[in-house]
Every structure is written in structure tokens, then in C-alpha cells.
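Chemist: My structure file run.txt, compact mmCIF, N, CA and C atoms, is below:
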# COMPACT_ATOMS: atom_id res chain seq x y z
N MET S 28 0.85 -1.19 0.00
CA MET S 28 0.00 0.00 0.00
C MET S 28 0.89 1.25 0.00
N THR S 29 0.53 2.20 -0.84
CA THR S 29 1.22 3.48 -0.89
C THR S 29 0.50 4.45 0.03
N ASN S 30 1.20 4.92 1.03
CA ASN S 30 0.62 5.83 2.02
C ASN S 30 1.02 7.26 1.69
N ALA S 31 0.05 8.12 1.41
CA ALA S 31 0.32 9.53 1.15
C ALA S 31 0.25 10.30 2.47
N ILE S 32 1.13 11.26 2.60
CA ILE S 32 1.11 12.16 3.76
C ILE S 32 1.00 13.58 3.24
N ILE S 33 -0.10 14.21 3.57
CA ILE S 33 -0.30 15.62 3.21
C ILE S 33 0.05 16.46 4.43
N ASN S 34 0.86 17.48 4.21
CA ASN S 34 1.19 18.44 5.27
C ASN S 34 0.75 19.82 4.83
N VAL S 35 -0.04 20.45 5.65
CA VAL S 35 -0.36 21.87 5.47
C VAL S 35 0.43 22.58 6.56
N THR S 36 1.34 23.45 6.14
CA THR S 36 2.31 24.03 7.06
C THR S 36 2.04 25.51 7.31
N ASN S 37 1.94 25.86 8.57
CA ASN S 37 1.82 27.24 9.03
C ASN S 37 0.65 27.99 8.39
N LEU S 38 -0.52 27.40 8.50
CA LEU S 38 -1.75 28.06 8.08
C LEU S 38 -2.07 29.12 9.13
N ARG S 39 -2.00 30.38 8.74
CA ARG S 39 -2.15 31.49 9.69
C ARG S 39 -3.56 32.04 9.62
N LEU S 40 -4.28 31.91 10.75
CA LEU S 40 -5.67 32.36 10.82
C LEU S 40 -5.87 33.18 12.08
N ARG S 41 -7.06 33.74 12.19
CA ARG S 41 -7.43 34.51 13.37
C ARG S 41 -8.75 33.97 13.91
N THR S 42 -8.84 33.86 15.25
CA THR S 42 -10.05 33.36 15.88
C THR S 42 -10.14 33.90 17.30
N TYR S 43 -11.31 33.72 17.89
CA TYR S 43 -11.47 34.02 19.31
C TYR S 43 -11.01 32.80 20.08
N ILE S 44 -9.93 32.97 20.85
CA ILE S 44 -9.36 31.85 21.61
C ILE S 44 -8.90 32.35 22.96
N GLY S 45 -9.41 31.73 24.02
CA GLY S 45 -9.01 32.09 25.37
C GLY S 45 -10.22 32.37 26.24
N PHE S 46 -9.96 32.45 27.53
CA PHE S 46 -11.06 32.67 28.48
C PHE S 46 -10.93 33.97 29.25
N ASN S 47 -9.82 34.68 29.08
CA ASN S 47 -9.69 36.00 29.71
C ASN S 47 -10.55 37.01 28.96
N PRO S 48 -11.07 38.01 29.65
CA PRO S 48 -11.96 38.98 29.00
C PRO S 48 -11.38 39.62 27.73
N GLU S 49 -10.10 40.00 27.77
CA GLU S 49 -9.51 40.63 26.59
C GLU S 49 -9.38 39.65 25.42
N GLU S 50 -9.25 38.36 25.73
CA GLU S 50 -9.15 37.35 24.68
C GLU S 50 -10.51 37.09 24.03
N ARG S 51 -11.57 37.36 24.74
CA ARG S 51 -12.93 37.12 24.24
C ARG S 51 -13.42 38.28 23.37
N GLU S 52 -12.70 39.43 23.42
CA GLU S 52 -13.16 40.63 22.73
C GLU S 52 -12.57 40.81 21.33
N LYS S 53 -11.39 40.25 21.09
CA LYS S 53 -10.80 40.41 19.76
C LYS S 53 -10.12 39.13 19.31
N LYS S 54 -10.12 38.93 18.01
CA LYS S 54 -9.52 37.73 17.44
C LYS S 54 -8.01 37.76 17.64
N GLN S 55 -7.46 36.56 17.80
CA GLN S 55 -6.02 36.40 17.97
C GLN S 55 -5.48 35.52 16.84
N ASP S 56 -4.20 35.66 16.61
CA ASP S 56 -3.53 34.83 15.61
C ASP S 56 -3.37 33.41 16.14
N VAL S 57 -3.55 32.44 15.25
CA VAL S 57 -3.18 31.06 15.51
C VAL S 57 -2.46 30.55 14.27
N VAL S 58 -1.54 29.62 14.48
CA VAL S 58 -0.79 29.01 13.38
C VAL S 58 -1.06 27.51 13.43
N ILE S 59 -1.58 26.99 12.34
CA ILE S 59 -2.05 25.61 12.31
C ILE S 59 -1.19 24.77 11.38
N ASN S 60 -0.79 23.60 11.87
CA ASN S 60 -0.07 22.62 11.06
C ASN S 60 -0.88 21.33 11.06
N ILE S 61 -1.11 20.82 9.87
CA ILE S 61 -1.96 19.64 9.67
C ILE S 61 -1.14 18.56 8.97
N GLU S 62 -1.25 17.35 9.48
CA GLU S 62 -0.66 16.19 8.81
C GLU S 62 -1.76 15.15 8.66
N ILE S 63 -2.00 14.72 7.43
CA ILE S 63 -3.05 13.75 7.13
C ILE S 63 -2.46 12.61 6.32
N HIS S 64 -2.75 11.36 6.73
CA HIS S 64 -2.30 10.18 6.01
C HIS S 64 -3.51 9.50 5.37
N TYR S 65 -3.33 9.06 4.14
CA TYR S 65 -4.38 8.29 3.47
C TYR S 65 -3.75 7.38 2.42
N PRO S 66 -4.43 6.28 2.07
CA PRO S 66 -3.88 5.38 1.05
C PRO S 66 -3.99 6.04 -0.33
N ALA S 67 -2.89 6.03 -1.06
CA ALA S 67 -2.85 6.75 -2.34
C ALA S 67 -2.60 5.85 -3.54
N ASP S 68 -2.76 4.54 -3.38
CA ASP S 68 -2.51 3.62 -4.50
C ASP S 68 -3.27 4.02 -5.76
N LYS S 69 -4.57 4.22 -5.62
CA LYS S 69 -5.40 4.54 -6.80
C LYS S 69 -5.00 5.88 -7.41
N ALA S 70 -4.75 6.87 -6.58
CA ALA S 70 -4.37 8.19 -7.10
C ALA S 70 -3.03 8.11 -7.83
N CYS S 71 -2.10 7.33 -7.31
CA CYS S 71 -0.77 7.22 -7.92
C CYS S 71 -0.81 6.51 -9.27
N THR S 72 -1.69 5.52 -9.40
CA THR S 72 -1.73 4.76 -10.65
C THR S 72 -2.69 5.34 -11.69
N SER S 73 -3.78 5.95 -11.21
CA SER S 73 -4.80 6.43 -12.16
C SER S 73 -4.60 7.87 -12.60
N ASP S 74 -3.97 8.69 -11.74
CA ASP S 74 -3.85 10.13 -12.00
C ASP S 74 -5.22 10.79 -12.11
N GLU S 75 -6.19 10.24 -11.38
CA GLU S 75 -7.56 10.77 -11.36
C GLU S 75 -7.77 11.57 -10.08
N VAL S 76 -8.26 12.80 -10.23
CA VAL S 76 -8.45 13.71 -9.10
C VAL S 76 -9.34 13.10 -8.02
N GLN S 77 -10.40 12.43 -8.41
CA GLN S 77 -11.36 11.89 -7.44
C GLN S 77 -10.77 10.77 -6.58
N GLU S 78 -9.62 10.25 -6.96
CA GLU S 78 -8.97 9.19 -6.18
C GLU S 78 -8.06 9.76 -5.09
N ALA S 79 -7.83 11.04 -5.09
CA ALA S 79 -6.94 11.68 -4.11
C ALA S 79 -7.77 12.43 -3.06
N LEU S 80 -7.16 12.65 -1.93
CA LEU S 80 -7.78 13.49 -0.90
C LEU S 80 -7.51 14.94 -1.29
N ASN S 81 -8.56 15.72 -1.41
CA ASN S 81 -8.42 17.10 -1.86
C ASN S 81 -8.02 17.99 -0.67
N TYR S 82 -6.74 18.31 -0.58
CA TYR S 82 -6.26 19.11 0.55
C TYR S 82 -6.82 20.52 0.54
N LYS S 83 -7.19 21.02 -0.62
CA LYS S 83 -7.77 22.36 -0.68
C LYS S 83 -9.15 22.37 -0.01
N THR S 84 -9.93 21.32 -0.24
CA THR S 84 -11.24 21.19 0.40
C THR S 84 -11.09 21.11 1.91
N VAL S 85 -10.17 20.28 2.38
CA VAL S 85 -9.94 20.14 3.81
C VAL S 85 -9.51 21.47 4.41
N THR S 86 -8.59 22.15 3.75
CA THR S 86 -8.09 23.43 4.25
C THR S 86 -9.19 24.48 4.33
N LYS S 87 -10.05 24.53 3.32
CA LYS S 87 -11.17 25.49 3.35
C LYS S 87 -12.11 25.20 4.52
N GLU S 88 -12.34 23.92 4.81
CA GLU S 88 -13.18 23.54 5.95
C GLU S 88 -12.55 23.99 7.26
N VAL S 89 -11.24 23.82 7.38
CA VAL S 89 -10.52 24.24 8.58
C VAL S 89 -10.61 25.76 8.74
N ILE S 90 -10.39 26.48 7.66
CA ILE S 90 -10.47 27.95 7.70
C ILE S 90 -11.84 28.41 8.19
N ALA S 91 -12.90 27.84 7.64
CA ALA S 91 -14.26 28.22 8.05
C ALA S 91 -14.49 27.91 9.52
N LEU S 92 -14.08 26.73 9.97
CA LEU S 92 -14.25 26.33 11.37
C LEU S 92 -13.54 27.30 12.31
N VAL S 93 -12.30 27.60 12.00
CA VAL S 93 -11.48 28.44 12.90
C VAL S 93 -11.94 29.89 12.89
N GLU S 94 -12.14 30.45 11.70
CA GLU S 94 -12.48 31.87 11.62
C GLU S 94 -13.89 32.18 12.12
N GLN S 95 -14.79 31.21 12.06
CA GLN S 95 -16.16 31.44 12.52
C GLN S 95 -16.38 30.98 13.96
N GLY S 96 -15.39 30.32 14.54
CA GLY S 96 -15.56 29.74 15.87
C GLY S 96 -15.12 30.64 16.99
N GLN S 97 -15.50 30.21 18.19
CA GLN S 97 -15.05 30.84 19.43
C GLN S 97 -14.68 29.71 20.38
N PHE S 98 -13.49 29.78 20.96
CA PHE S 98 -12.97 28.69 21.76
C PHE S 98 -12.39 29.22 23.06
N LEU S 99 -12.74 28.58 24.16
CA LEU S 99 -12.13 28.93 25.44
C LEU S 99 -10.75 28.29 25.55
N LEU S 100 -10.64 27.05 25.07
CA LEU S 100 -9.42 26.28 25.26
C LEU S 100 -8.76 25.92 23.93
N LEU S 101 -7.45 25.91 23.92
CA LEU S 101 -6.68 25.44 22.78
C LEU S 101 -7.02 23.97 22.49
N GLU S 102 -7.24 23.20 23.53
CA GLU S 102 -7.59 21.78 23.38
C GLU S 102 -8.85 21.61 22.53
N LYS S 103 -9.85 22.43 22.75
CA LYS S 103 -11.11 22.32 22.00
C LYS S 103 -10.89 22.71 20.54
N LEU S 104 -10.15 23.78 20.31
CA LEU S 104 -9.86 24.19 18.93
C LEU S 104 -9.13 23.09 18.18
N VAL S 105 -8.09 22.53 18.78
CA VAL S 105 -7.32 21.48 18.12
C VAL S 105 -8.18 20.23 17.90
N ALA S 106 -8.97 19.85 18.89
CA ALA S 106 -9.84 18.67 18.77
C ALA S 106 -10.87 18.85 17.66
N ASP S 107 -11.43 20.03 17.52
CA ASP S 107 -12.41 20.28 16.46
C ASP S 107 -11.77 20.20 15.08
N ILE S 108 -10.57 20.72 14.93
CA ILE S 108 -9.86 20.63 13.65
C ILE S 108 -9.53 19.17 13.34
N LEU S 109 -9.07 18.45 14.35
CA LEU S 109 -8.74 17.03 14.18
C LEU S 109 -9.97 16.24 13.74
N ALA S 110 -11.10 16.47 14.39
CA ALA S 110 -12.34 15.76 14.03
C ALA S 110 -12.74 16.06 12.59
N LEU S 111 -12.60 17.29 12.20
CA LEU S 111 -12.92 17.68 10.82
C LEU S 111 -12.04 16.93 9.83
N CYS S 112 -10.76 16.81 10.14
CA CYS S 112 -9.82 16.16 9.22
C CYS S 112 -10.05 14.66 9.11
N HIS S 113 -10.39 14.01 10.21
CA HIS S 113 -10.56 12.55 10.10
C HIS S 113 -11.98 12.14 9.75
N GLN S 114 -12.86 13.10 9.50
CA GLN S 114 -14.20 12.74 9.02
C GLN S 114 -14.18 12.26 7.57
N HIS S 115 -13.13 12.60 6.84
CA HIS S 115 -13.00 12.15 5.47
C HIS S 115 -12.70 10.64 5.49
N PRO S 116 -13.47 9.85 4.76
CA PRO S 116 -13.40 8.39 4.89
C PRO S 116 -12.04 7.77 4.59
N SER S 117 -11.25 8.36 3.73
CA SER S 117 -9.97 7.74 3.38
C SER S 117 -8.86 8.05 4.39
N VAL S 118 -9.06 8.98 5.27
CA VAL S 118 -8.03 9.36 6.23
C VAL S 118 -7.92 8.29 7.32
N HIS S 119 -6.69 7.80 7.53
CA HIS S 119 -6.49 6.82 8.60
C HIS S 119 -5.57 7.34 9.71
N TYR S 120 -5.00 8.52 9.53
CA TYR S 120 -4.21 9.16 10.58
C TYR S 120 -4.23 10.66 10.34
N ALA S 121 -4.35 11.42 11.42
CA ALA S 121 -4.26 12.87 11.32
C ALA S 121 -3.60 13.40 12.59
N LYS S 122 -2.80 14.44 12.41
CA LYS S 122 -2.15 15.11 13.53
C LYS S 122 -2.28 16.61 13.31
N ILE S 123 -2.71 17.30 14.35
CA ILE S 123 -2.91 18.74 14.29
C ILE S 123 -2.10 19.40 15.38
N ARG S 124 -1.39 20.46 15.00
CA ARG S 124 -0.69 21.30 15.97
C ARG S 124 -1.16 22.72 15.75
N VAL S 125 -1.57 23.36 16.84
CA VAL S 125 -1.95 24.77 16.78
C VAL S 125 -1.07 25.55 17.73
N ASP S 126 -0.44 26.58 17.20
CA ASP S 126 0.37 27.50 17.99
C ASP S 126 -0.43 28.76 18.24
N LYS S 127 -0.30 29.26 19.45
CA LYS S 127 -0.92 30.52 19.82
C LYS S 127 0.22 31.50 20.11
N PRO S 128 0.63 32.28 19.09
CA PRO S 128 1.72 33.24 19.30
C PRO S 128 1.35 34.26 20.37
N HIS S 129 2.33 34.72 21.07
CA HIS S 129 2.16 35.80 22.06
C HIS S 129 1.33 35.38 23.28
N ALA S 130 1.13 34.07 23.48
CA ALA S 130 0.35 33.62 24.63
C ALA S 130 1.11 33.82 25.94
N LEU S 131 2.42 33.68 25.86
CA LEU S 131 3.27 33.92 27.03
C LEU S 131 4.26 35.02 26.71
N ARG S 132 4.51 35.85 27.68
CA ARG S 132 5.32 37.05 27.49
C ARG S 132 6.71 36.78 26.91
N PHE S 133 7.39 35.76 27.39
CA PHE S 133 8.77 35.54 26.97
C PHE S 133 8.94 34.33 26.04
N ALA S 134 7.84 33.88 25.44
CA ALA S 134 7.89 32.73 24.52
C ALA S 134 7.36 33.14 23.16
N ASP S 135 7.88 32.52 22.12
CA ASP S 135 7.38 32.78 20.77
C ASP S 135 5.92 32.36 20.63
N SER S 136 5.58 31.23 21.23
CA SER S 136 4.19 30.77 21.18
C SER S 136 4.00 29.64 22.17
N VAL S 137 2.74 29.27 22.35
CA VAL S 137 2.36 28.06 23.08
C VAL S 137 1.62 27.21 22.06
N SER S 138 1.91 25.91 22.05
CA SER S 138 1.23 25.05 21.08
C SER S 138 0.66 23.83 21.76
N LEU S 139 -0.31 23.23 21.07
CA LEU S 139 -0.91 21.98 21.51
C LEU S 139 -1.03 21.08 20.29
N THR S 140 -0.69 19.81 20.46
CA THR S 140 -0.78 18.84 19.37
C THR S 140 -1.66 17.68 19.81
N LEU S 141 -2.56 17.27 18.91
CA LEU S 141 -3.36 16.07 19.10
C LEU S 141 -3.26 15.23 17.83
N ASP S 142 -3.32 13.90 18.00
CA ASP S 142 -3.37 13.05 16.82
C ASP S 142 -4.46 12.00 16.98
N TRP S 143 -4.81 11.37 15.85
CA TRP S 143 -5.88 10.37 15.79
C TRP S 143 -5.48 9.34 14.76
N HIS S 144 -5.80 8.08 15.04
CA HIS S 144 -5.62 7.06 14.02
C HIS S 144 -6.76 6.06 14.07
N ALA S 145 -7.07 5.53 12.89
CA ALA S 145 -8.19 4.59 12.76
C ALA S 145 -7.78 3.24 13.33
Could the structure of this file be written out as C-alpha cells, please?
Modeler:
Amino acid sequence: MTNAIINVTNLRLRTYIGFNPEEREKKQDVVINIEIHYPADKACTSDEVQEALNYKTVTKEVIALVEQGQFLLLEKLVADILALCHQHPSVHYAKIRVDKPHALRFADSVSLTLDWHA
């Protein structure tokens, strides 16, 4: 079996994330990294679009979820993105990392990673 790994790297979006009053009032930057595994035998041999996982479709779904959502916890945001990614029937592994830049005064960011496998 040929296993394809799609990586979406540093998808920069804005959302309401956090539970402090100032975090609830304005959108903050988040940086999302997505890794999705799926079997690619048919796509590799047929060169047919419908045999591949459409990463553009997945990315658009993630953008809509994040930009329209409101989240108290980073865990909930990451879990929702992960659930969205593994709802596609061909996906057998997904890993999501979300960074929240400027979350801590002396750190570049705080991140949380979750993964799922069938």
C-alpha cells in the first residue's frame, strides 16, 4: 500500500481563543499545522483527481471552522480541527498542531498537538 502524507504548514488564521476577557473581545492569531495520512494507491496509478484526498477542500473547511468559531481552550480548537480532518473516509491518521503566538510574554508561542488514528 502506498501511504500519502499531506502536510499543510503554518496556516495562519485569526479566531477568538481564550477565556480571559480581553481574549474574548478580539480575534487572535493562531498558526495551524496539519498532517493527514491516506492510502494513495489509486491516485498514484490512475492520475484521477477523485482518487486523491483534496487538501484544498480540507483546508477550506478548517479555515471556516477556525475563523467562525469561538474557543475557550486550545484543546477544543485542536480537537475540532482534528475531528474535521478525520471525518474524510480515506483518512487513517491525522495530527494537528496549533500554535498561539504571544500567549506567554517571553515565549514565541504556546502550542498543543493532538493526533488520531483509525
Chemist: I'd like to know which of S:Lys69, S:Lys122, S:Lys54, S:Arg39 is closest to Trp143 (chain S), using all atoms listed in the file.
Modeler: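 So, comparing all the options, the nearest one is S:Lys122.
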Chemist: Using all atoms listed in the file for the distances, tell me which of S:Arg124, S:Lys87, S:His113, S:Arg41 is nearest to Asn60 (chain S).
Modeler: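 Checking each of S:Arg124, S:Lys87, S:His113, S:Arg41 against Asn60 (chain S), counting all atoms listed in the file, the winner is S:Arg124.
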Chemist: Which one is closest to Val57 (chain S): S:Leu141, S:Val35, S:Leu40, S:Ile123? Count only C-alpha atoms.
Modeler: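 Looking only at the distances to Val57 (chain S), the closest residue turns out to be S:Leu40.
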Chemist: If you count only C-alpha atoms, which residues fall within 12 Å of Thr84 (chain S), apart from same-chain ones fewer than 5 positions away, as an MDAnalysis selection string?
Modeler: chainID S and resid 79 89:91 111:112 115
Chemist: Excluding Pro128 (chain S) and its own-chain neighbours fewer than 3 positions away, which residues fall within 8 Å of it when counting all atoms listed in the file? Please give them as a list in words.
Modeler: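 Those residues are Gln55, Asp56, Val57, Val58, Val125, Leu131, Ala134, Asp135, Ser136, Val137 and Ser138 of chain S.
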Chemist: Could you work out how far CA of Asp68 (chain S) lies from CA of Ile108 (chain S), giving the answer in Å with one decimal?
Modeler: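 CA of Asp68 (chain S) lies at a distance of 25.9 Å from CA of Ile108 (chain S).
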Chemist: Can you give me all heavy atoms for region 126-137 of chain S, written as a PDB file, in the coordinates of the input?
Modeler:
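Listed below is the output, result.pdb:
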ATOM      1  N   ASP S 126      -0.440  26.580  17.200  1.00  0.00           N
ATOM      2  CA  ASP S 126       0.370  27.500  17.990  1.00  0.00           C
ATOM      3  C   ASP S 126      -0.430  28.760  18.240  1.00  0.00           C
ATOM      4  O   ASP S 126      -1.133  29.250  17.349  1.00  0.00           O
ATOM      5  CB  ASP S 126       1.643  27.887  17.221  1.00  0.00           C
ATOM      6  CG  ASP S 126       2.675  26.792  17.216  1.00  0.00           C
ATOM      7  OD1 ASP S 126       2.538  25.845  16.424  1.00  0.00           O
ATOM      8  OD2 ASP S 126       3.627  26.895  18.013  1.00  0.00           O
ATOM      9  N   LYS S 127      -0.300  29.260  19.450  1.00  0.00           N
ATOM     10  CA  LYS S 127      -0.920  30.520  19.820  1.00  0.00           C
ATOM     11  C   LYS S 127       0.220  31.500  20.110  1.00  0.00           C
ATOM     12  O   LYS S 127       0.751  31.539  21.232  1.00  0.00           O
ATOM     13  CB  LYS S 127      -1.824  30.309  21.034  1.00  0.00           C
ATOM     14  CG  LYS S 127      -2.657  31.506  21.420  1.00  0.00           C
ATOM     15  CD  LYS S 127      -3.565  31.151  22.595  1.00  0.00           C
ATOM     16  CE  LYS S 127      -4.245  32.384  23.136  1.00  0.00           C
ATOM     17  NZ  LYS S 127      -5.009  32.095  24.360  1.00  0.00           N
ATOM     18  N   PRO S 128       0.630  32.280  19.090  1.00  0.00           N
ATOM     19  CA  PRO S 128       1.720  33.240  19.300  1.00  0.00           C
ATOM     20  C   PRO S 128       1.350  34.260  20.370  1.00  0.00           C
ATOM     21  O   PRO S 128       0.177  34.596  20.542  1.00  0.00           O
ATOM     22  CB  PRO S 128       1.876  33.919  17.943  1.00  0.00           C
ATOM     23  CG  PRO S 128       1.234  33.002  16.963  1.00  0.00           C
ATOM     24  CD  PRO S 128       0.131  32.312  17.729  1.00  0.00           C
ATOM     25  N   HIS S 129       2.330  34.720  21.070  1.00  0.00           N
ATOM     26  CA  HIS S 129       2.160  35.800  22.060  1.00  0.00           C
ATOM     27  C   HIS S 129       1.330  35.380  23.280  1.00  0.00           C
ATOM     28  O   HIS S 129       0.859  36.232  24.020  1.00  0.00           O
ATOM     29  CB  HIS S 129       1.546  37.060  21.425  1.00  0.00           C
ATOM     30  CG  HIS S 129       2.085  37.382  20.071  1.00  0.00           C
ATOM     31  ND1 HIS S 129       3.405  37.698  19.847  1.00  0.00           N
ATOM     32  CD2 HIS S 129       1.483  37.403  18.869  1.00  0.00           C
ATOM     33  CE1 HIS S 129       3.596  37.903  18.560  1.00  0.00           C
ATOM     34  NE2 HIS S 129       2.446  37.734  17.939  1.00  0.00           N
ATOM     35  N   ALA S 130       1.130  34.070  23.480  1.00  0.00           N
ATOM     36  CA  ALA S 130       0.350  33.620  24.630  1.00  0.00           C
ATOM     37  C   ALA S 130       1.110  33.820  25.940  1.00  0.00           C
ATOM     38  O   ALA S 130       0.506  34.076  26.974  1.00  0.00           O
ATOM     39  CB  ALA S 130      -0.037  32.150  24.467  1.00  0.00           C
ATOM     40  N   LEU S 131       2.420  33.680  25.860  1.00  0.00           N
ATOM     41  CA  LEU S 131       3.270  33.920  27.030  1.00  0.00           C
ATOM     42  C   LEU S 131       4.260  35.020  26.710  1.00  0.00           C
ATOM     43  O   LEU S 131       4.806  35.082  25.605  1.00  0.00           O
ATOM     44  CB  LEU S 131       4.034  32.644  27.413  1.00  0.00           C
ATOM     45  CG  LEU S 131       3.198  31.496  27.942  1.00  0.00           C
ATOM     46  CD1 LEU S 131       4.070  30.271  28.163  1.00  0.00           C
ATOM     47  CD2 LEU S 131       2.508  31.895  29.241  1.00  0.00           C
ATOM     48  N   ARG S 132       4.510  35.850  27.680  1.00  0.00           N
ATOM     49  CA  ARG S 132       5.320  37.050  27.490  1.00  0.00           C
ATOM     50  C   ARG S 132       6.710  36.780  26.910  1.00  0.00           C
ATOM     51  O   ARG S 132       7.162  37.467  26.032  1.00  0.00           O
ATOM     52  CB  ARG S 132       5.416  37.789  28.814  1.00  0.00           C
ATOM     53  CG  ARG S 132       6.128  39.096  28.728  1.00  0.00           C
ATOM     54  CD  ARG S 132       6.033  39.816  30.034  1.00  0.00           C
ATOM     55  NE  ARG S 132       6.835  41.026  29.981  1.00  0.00           N
ATOM     56  CZ  ARG S 132       7.107  41.766  31.020  1.00  0.00           C
ATOM     57  NH1 ARG S 132       6.641  41.422  32.200  1.00  0.00           N
ATOM     58  NH2 ARG S 132       7.830  42.838  30.905  1.00  0.00           N
ATOM     59  N   PHE S 133       7.390  35.760  27.390  1.00  0.00           N
ATOM     60  CA  PHE S 133       8.770  35.540  26.970  1.00  0.00           C
ATOM     61  C   PHE S 133       8.940  34.330  26.040  1.00  0.00           C
ATOM     62  O   PHE S 133      10.038  33.830  25.868  1.00  0.00           O
ATOM     63  CB  PHE S 133       9.679  35.386  28.197  1.00  0.00           C
ATOM     64  CG  PHE S 133       9.720  36.628  29.043  1.00  0.00           C
ATOM     65  CD1 PHE S 133       9.141  36.657  30.295  1.00  0.00           C
ATOM     66  CD2 PHE S 133      10.323  37.784  28.555  1.00  0.00           C
ATOM     67  CE1 PHE S 133       9.170  37.813  31.065  1.00  0.00           C
ATOM     68  CE2 PHE S 133      10.356  38.944  29.329  1.00  0.00           C
ATOM     69  CZ  PHE S 133       9.772  38.964  30.579  1.00  0.00           C
ATOM     70  N   ALA S 134       7.840  33.880  25.440  1.00  0.00           N
ATOM     71  CA  ALA S 134       7.890  32.730  24.520  1.00  0.00           C
ATOM     72  C   ALA S 134       7.360  33.140  23.160  1.00  0.00           C
ATOM     73  O   ALA S 134       6.504  34.021  23.057  1.00  0.00           O
ATOM     74  CB  ALA S 134       7.067  31.576  25.072  1.00  0.00           C
ATOM     75  N   ASP S 135       7.880  32.520  22.120  1.00  0.00           N
ATOM     76  CA  ASP S 135       7.380  32.780  20.770  1.00  0.00           C
ATOM     77  C   ASP S 135       5.920  32.360  20.630  1.00  0.00           C
ATOM     78  O   ASP S 135       5.130  33.032  19.976  1.00  0.00           O
ATOM     79  CB  ASP S 135       8.211  32.042  19.716  1.00  0.00           C
ATOM     80  CG  ASP S 135       9.613  32.605  19.593  1.00  0.00           C
ATOM     81  OD1 ASP S 135       9.843  33.768  19.979  1.00  0.00           O
ATOM     82  OD2 ASP S 135      10.483  31.868  19.108  1.00  0.00           O
ATOM     83  N   SER S 136       5.580  31.230  21.230  1.00  0.00           N
ATOM     84  CA  SER S 136       4.190  30.770  21.180  1.00  0.00           C
ATOM     85  C   SER S 136       4.000  29.640  22.170  1.00  0.00           C
ATOM     86  O   SER S 136       4.953  29.121  22.744  1.00  0.00           O
ATOM     87  CB  SER S 136       3.833  30.266  19.771  1.00  0.00           C
ATOM     88  OG  SER S 136       4.493  29.048  19.490  1.00  0.00           O
ATOM     89  N   VAL S 137       2.740  29.270  22.350  1.00  0.00           N
ATOM     90  CA  VAL S 137       2.360  28.060  23.080  1.00  0.00           C
ATOM     91  C   VAL S 137       1.620  27.210  22.060  1.00  0.00           C
ATOM     92  O   VAL S 137       0.812  27.726  21.286  1.00  0.00           O
ATOM     93  CB  VAL S 137       1.446  28.384  24.279  1.00  0.00           C
ATOM     94  CG1 VAL S 137       0.884  27.114  24.888  1.00  0.00           C
ATOM     95  CG2 VAL S 137       2.200  29.195  25.318  1.00  0.00           C
TER      96      VAL S 137
END
